[in-house]
Amino acid sequence: MSKRKHYWLMKSEPEDFSIDDLARVRTEPWTGVRNYQARNFMRSMEVGDGVLFYHSSTEIPGIYGVAEVVSAAYPDPTQFNPKSKYFDEKSTPEQPRWFLVDVGYVRTLKHPVTLEAIRAHAEELGEDFALIRRGTRLSVLPVSAVQWKLLLSLE
DNA sequence: GCCAACGTTGGC
DNA sequence: GCCAACGTTGGC
């Protein structure tokens with residue numbers, strides 16, 4: 001009974017939550033994803049999956065760390081909290097709309113793999129790499145084993 | 001079911 | 001702060 005490990009890239013605005021924050025808290029529920037495609041990816045995650053921690057909307061966007069999935073998907077509690085900015089009045093505990101996983105710290109990259117460097121390897125990464133595909137804005141996206149290896153070789 | 005208006009993402 | 005590209009909403 002072996003399962004193939006899957007890989008993902010997850011974006012966060014470092015002013016909001018950075019790899020240093022994750023290093024401090026060790027594990028963090030990935031709240032606030034309100035995009036159906038990203039949600040579907042999170043629902044398919046399994047404990048042990050690898051995560052590239054990407055800083056977006058910052059001076060030098062890029063991959064700054066490695067994390068891992070440390071829980072199965074479960075309903076995002078913020079959707080039920082009227083005080084939360086992620087509150088969704090159309091969601092109920094009986095039929096939750098939004099799911100998340102807990103993400104655990106693995107390591108901080110010695111040198112970030114910048115978006116610029118990633119773009120420079122666009123050809124090897126392939127057309128299907130959603131991070132640099134034109135027009136895609138996904139905050140959670142799949143990474144193949146080959147892409148994972150290539151991206152981390154740029155550290 | 002169409003589509004205009006609006007909100008969000010995220011690089012620059 | 002700008003703006004392109006998307007996704008969602010709601011009137012019809």
# chains A, B, ... in the order shown; residues from 1 in each chain; ligands from 1
$ residues_around --residues "DC3 in chain C" --least-positions-apart "2" --cutoff "12 Å" --atoms "only C-alpha atoms (C1' of nucleotides)" --output "PDB file with C-alpha atoms (C1' of nucleotides), in the first residue's frame"
ATOM      1  C1'  DT B   9      -5.142  38.876  -7.708  1.00  0.00           C
ATOM      2  C1'  DG B  10      -0.581  39.954  -8.253  1.00  0.00           C
ATOM      3  C1'  DG B  11       3.257  41.702 -11.168  1.00  0.00           C
ATOM      4  C1'  DC B  12       5.324  45.863 -12.240  1.00  0.00           C
TER       5       DC B  12
ATOM      6  C1'  DG C   1      -0.841  53.004  -7.567  1.00  0.00           C
ATOM      7  C1'  DA C   5      -6.854  39.077 -16.507  1.00  0.00           C
TER       8       DA C   5
END
$ residues_around --residues "Ser71 in chain A" --least-positions-apart "6" --cutoff "6 Å" --atoms "only C-alpha atoms (C1' of nucleotides)" --output "JSON, numbers by chain"
{"A": [47, 101, 102]}
$ closest_atom_pairs --of "chain A" --to "chain B" --cutoff "10 Å" --atoms "only C-alpha atoms (C1' of nucleotides)" --output "JSON lines"
{"residue": "A:Glu13", "atom": "CA", "partner": "B:DG10", "partner_atom": "C1'", "distance": 9.7}
{"residue": "A:Ser56", "atom": "CA", "partner": "B:DG10", "partner_atom": "C1'", "distance": 6.7}
{"residue": "A:Ser57", "atom": "CA", "partner": "B:DG10", "partner_atom": "C1'", "distance": 5.6}
{"residue": "A:Thr58", "atom": "CA", "partner": "B:DG10", "partner_atom": "C1'", "distance": 9.0}
{"residue": "A:Glu59", "atom": "CA", "partner": "B:DG11", "partner_atom": "C1'", "distance": 9.6}
{"residue": "A:Ile60", "atom": "CA", "partner": "B:DG11", "partner_atom": "C1'", "distance": 9.9}
{"residue": "A:Pro61", "atom": "CA", "partner": "B:DG11", "partner_atom": "C1'", "distance": 8.6}
{"residue": "A:Leu115", "atom": "CA", "partner": "B:DG11", "partner_atom": "C1'", "distance": 9.8}
{"residue": "A:Thr136", "atom": "CA", "partner": "B:DT9", "partner_atom": "C1'", "distance": 9.3}
{"residue": "A:Arg137", "atom": "CA", "partner": "B:DT9", "partner_atom": "C1'", "distance": 6.1}
{"residue": "A:Leu138", "atom": "CA", "partner": "B:DT9", "partner_atom": "C1'", "distance": 8.5}
{"residue": "A:Ser139", "atom": "CA", "partner": "B:DT9", "partner_atom": "C1'", "distance": 8.8}
$ write_last_selection --atoms "N, CA and C atoms" --output "mmCIF file, in the first residue's frame"
data_model
loop_
_atom_site.group_PDB
_atom_site.id
_atom_site.type_symbol
_atom_site.label_atom_id
_atom_site.label_comp_id
_atom_site.auth_asym_id
_atom_site.auth_seq_id
_atom_site.Cartn_x
_atom_site.Cartn_y
_atom_site.Cartn_z
ATOM 1 N N GLU A 13 0.938 36.246 0.867
ATOM 2 C CA GLU A 13 1.563 37.560 0.907
ATOM 3 C C GLU A 13 2.366 37.641 2.203
ATOM 4 N N SER A 56 3.993 36.220 -2.621
ATOM 5 C CA SER A 56 3.436 37.035 -3.706
ATOM 6 C C SER A 56 3.213 38.466 -3.226
ATOM 7 N N SER A 57 2.967 39.356 -4.181
ATOM 8 C CA SER A 57 2.731 40.772 -3.873
ATOM 9 C C SER A 57 3.807 41.331 -2.964
ATOM 10 N N THR A 58 5.028 41.108 -3.348
ATOM 11 C CA THR A 58 6.147 41.594 -2.553
ATOM 12 C C THR A 58 7.262 42.021 -3.509
ATOM 13 N N GLU A 59 8.283 42.636 -2.969
ATOM 14 C CA GLU A 59 9.299 43.226 -3.824
ATOM 15 C C GLU A 59 9.927 42.199 -4.762
ATOM 16 N N ILE A 60 10.325 41.061 -4.193
ATOM 17 C CA ILE A 60 10.881 39.996 -5.023
ATOM 18 C C ILE A 60 10.034 38.741 -4.859
ATOM 19 N N PRO A 61 9.019 38.578 -5.701
ATOM 20 C CA PRO A 61 8.170 37.405 -5.584
ATOM 21 C C PRO A 61 8.953 36.139 -5.911
ATOM 22 N N LEU A 115 10.707 34.604 -8.968
ATOM 23 C CA LEU A 115 9.836 34.477 -10.128
ATOM 24 C C LEU A 115 10.630 34.681 -11.411
ATOM 25 N N THR A 136 -3.258 33.073 -15.270
ATOM 26 C CA THR A 136 -3.697 32.285 -14.115
ATOM 27 C C THR A 136 -3.352 32.988 -12.813
ATOM 28 N N ARG A 137 -4.277 32.936 -11.901
ATOM 29 C CA ARG A 137 -4.108 33.644 -10.634
ATOM 30 C C ARG A 137 -4.306 32.705 -9.453
ATOM 31 N N LEU A 138 -4.125 31.419 -9.686
ATOM 32 C CA LEU A 138 -4.380 30.451 -8.627
ATOM 33 C C LEU A 138 -3.426 30.638 -7.450
ATOM 34 N N SER A 139 -3.969 30.539 -6.235
ATOM 35 C CA SER A 139 -3.124 30.684 -5.052
ATOM 36 C C SER A 139 -2.644 29.327 -4.541
#
$ select_by_dssp --residues "range 83-115 of chain A" --states "strand (DSSP E)" --output "ChimeraX atom specification"
/A:99-100,102-114
$ select_by_dssp --residues "chain A" --states "alpha helix (DSSP H)" --output "PyMOL selection string"
chain A and resi 19-25+36-43+115-120+122-125+145-153
$ write_last_selection --atoms "N, CA, C and O atoms" --output "short mmCIF file (atom, residue, chain, number, x, y, z; two decimals), in the first residue's frame"
data_model
loop_
_atom_site.label_atom_id
_atom_site.label_comp_id
_atom_site.auth_asym_id
_atom_site.auth_seq_id
_atom_site.Cartn_x
_atom_site.Cartn_y
_atom_site.Cartn_z
N ILE A 19 7.12 32.81 5.30
CA ILE A 19 7.79 31.56 5.69
C ILE A 19 8.40 31.71 7.09
O ILE A 19 8.45 30.74 7.85
N ASP A 20 8.83 32.92 7.45
CA ASP A 20 9.35 33.14 8.80
C ASP A 20 8.26 32.97 9.85
O ASP A 20 8.51 32.45 10.94
N ASP A 21 7.06 33.42 9.50
CA ASP A 21 5.93 33.21 10.42
C ASP A 21 5.66 31.72 10.60
O ASP A 21 5.43 31.26 11.70
N LEU A 22 5.72 30.99 9.49
CA LEU A 22 5.48 29.54 9.57
C LEU A 22 6.57 28.86 10.39
O LEU A 22 6.30 27.95 11.17
N ALA A 23 7.81 29.34 10.24
CA ALA A 23 8.92 28.77 11.01
C ALA A 23 8.66 28.96 12.51
O ALA A 23 9.01 28.11 13.32
N ARG A 24 8.05 30.07 12.85
CA ARG A 24 7.76 30.35 14.27
C ARG A 24 6.62 29.49 14.81
O ARG A 24 6.74 28.90 15.87
N VAL A 25 5.53 29.46 14.05
CA VAL A 25 4.34 28.75 14.57
C VAL A 25 4.38 27.26 14.26
O VAL A 25 3.60 26.50 14.81
N TYR A 36 -12.71 28.19 -6.13
CA TYR A 36 -13.14 26.79 -6.17
C TYR A 36 -12.06 25.85 -6.67
O TYR A 36 -11.91 24.74 -6.16
N GLN A 37 -11.30 26.30 -7.64
CA GLN A 37 -10.25 25.43 -8.17
C GLN A 37 -9.16 25.20 -7.11
O GLN A 37 -8.71 24.06 -6.91
N ALA A 38 -8.79 26.26 -6.42
CA ALA A 38 -7.79 26.13 -5.35
C ALA A 38 -8.33 25.24 -4.23
O ALA A 38 -7.62 24.41 -3.68
N ARG A 39 -9.60 25.41 -3.93
CA ARG A 39 -10.23 24.58 -2.90
C ARG A 39 -10.19 23.10 -3.30
O ARG A 39 -9.88 22.23 -2.49
N ASN A 40 -10.49 22.84 -4.56
CA ASN A 40 -10.48 21.46 -5.03
C ASN A 40 -9.09 20.84 -4.91
O ASN A 40 -8.97 19.67 -4.54
N PHE A 41 -8.09 21.63 -5.20
CA PHE A 41 -6.73 21.12 -5.02
C PHE A 41 -6.47 20.80 -3.56
O PHE A 41 -5.90 19.75 -3.23
N MET A 42 -6.89 21.69 -2.67
CA MET A 42 -6.64 21.44 -1.24
C MET A 42 -7.38 20.21 -0.74
O MET A 42 -6.89 19.47 0.09
N ARG A 43 -8.58 20.01 -1.29
CA ARG A 43 -9.35 18.84 -0.86
C ARG A 43 -8.68 17.54 -1.28
O ARG A 43 -8.92 16.49 -0.68
N LEU A 115 10.71 34.60 -8.97
CA LEU A 115 9.84 34.48 -10.13
C LEU A 115 10.63 34.68 -11.41
O LEU A 115 10.41 34.00 -12.41
N GLU A 116 11.56 35.62 -11.36
CA GLU A 116 12.41 35.89 -12.51
C GLU A 116 13.19 34.63 -12.91
O GLU A 116 13.25 34.27 -14.09
N ALA A 117 13.78 33.96 -11.93
CA ALA A 117 14.52 32.73 -12.21
C ALA A 117 13.59 31.63 -12.73
O ALA A 117 13.95 30.87 -13.63
N ILE A 118 12.39 31.59 -12.16
CA ILE A 118 11.42 30.58 -12.60
C ILE A 118 11.04 30.81 -14.06
O ILE A 118 11.02 29.89 -14.87
N ARG A 119 10.80 32.07 -14.38
CA ARG A 119 10.46 32.40 -15.78
C ARG A 119 11.58 32.03 -16.74
O ARG A 119 11.34 31.63 -17.88
N ALA A 120 12.82 32.17 -16.25
CA ALA A 120 13.98 31.86 -17.10
C ALA A 120 14.02 30.37 -17.45
O ALA A 120 14.70 29.98 -18.39
N ALA A 122 11.15 28.59 -17.96
CA ALA A 122 9.77 28.31 -18.39
C ALA A 122 9.70 27.11 -19.32
O ALA A 122 8.80 26.28 -19.21
N GLU A 123 10.67 27.02 -20.20
CA GLU A 123 10.62 25.97 -21.21
C GLU A 123 10.71 24.59 -20.57
O GLU A 123 9.95 23.68 -20.90
N GLU A 124 11.65 24.44 -19.62
CA GLU A 124 11.80 23.14 -18.95
C GLU A 124 10.61 22.84 -18.05
O GLU A 124 10.25 21.68 -17.84
N LEU A 125 10.02 23.89 -17.48
CA LEU A 125 8.89 23.66 -16.57
C LEU A 125 7.64 23.24 -17.34
O LEU A 125 6.78 22.55 -16.80
N ALA A 145 6.47 16.14 -9.93
CA ALA A 145 7.73 15.75 -9.27
C ALA A 145 8.93 16.33 -10.02
O ALA A 145 9.91 16.77 -9.40
N VAL A 146 8.83 16.35 -11.33
CA VAL A 146 9.93 16.89 -12.15
C VAL A 146 10.08 18.40 -11.92
O VAL A 146 11.19 18.91 -11.75
N GLN A 147 8.94 19.09 -11.89
CA GLN A 147 8.97 20.54 -11.66
C GLN A 147 9.51 20.85 -10.26
O GLN A 147 10.28 21.79 -10.07
N TRP A 148 9.07 20.08 -9.30
CA TRP A 148 9.53 20.24 -7.90
C TRP A 148 11.05 20.18 -7.84
O TRP A 148 11.72 21.04 -7.27
N LYS A 149 11.59 19.14 -8.45
CA LYS A 149 13.03 18.92 -8.43
C LYS A 149 13.77 20.07 -9.14
O LYS A 149 14.76 20.59 -8.64
N LEU A 150 13.25 20.45 -10.28
CA LEU A 150 13.87 21.53 -11.03
C LEU A 150 13.84 22.85 -10.25
O LEU A 150 14.86 23.54 -10.14
N LEU A 151 12.67 23.16 -9.68
CA LEU A 151 12.54 24.43 -8.96
C LEU A 151 13.50 24.49 -7.78
O LEU A 151 14.15 25.51 -7.54
N LEU A 152 13.60 23.38 -7.04
CA LEU A 152 14.48 23.40 -5.87
C LEU A 152 15.95 23.34 -6.26
O LEU A 152 16.81 23.73 -5.47
N SER A 153 16.23 22.91 -7.47
CA SER A 153 17.63 22.92 -7.93
C SER A 153 18.09 24.35 -8.22
O SER A 153 19.29 24.60 -8.39
#
$ closest_residue --among "A:Pro112, A:Pro82, A:Gly48, A:Pro77" --to "Arg97 in chain A" --atoms "only C-alpha atoms"
A:Pro77
$ atom_distance --atom1 "CA of Val140 in chain A" --atom2 "CA of Met45 in chain A"
10.9 Å
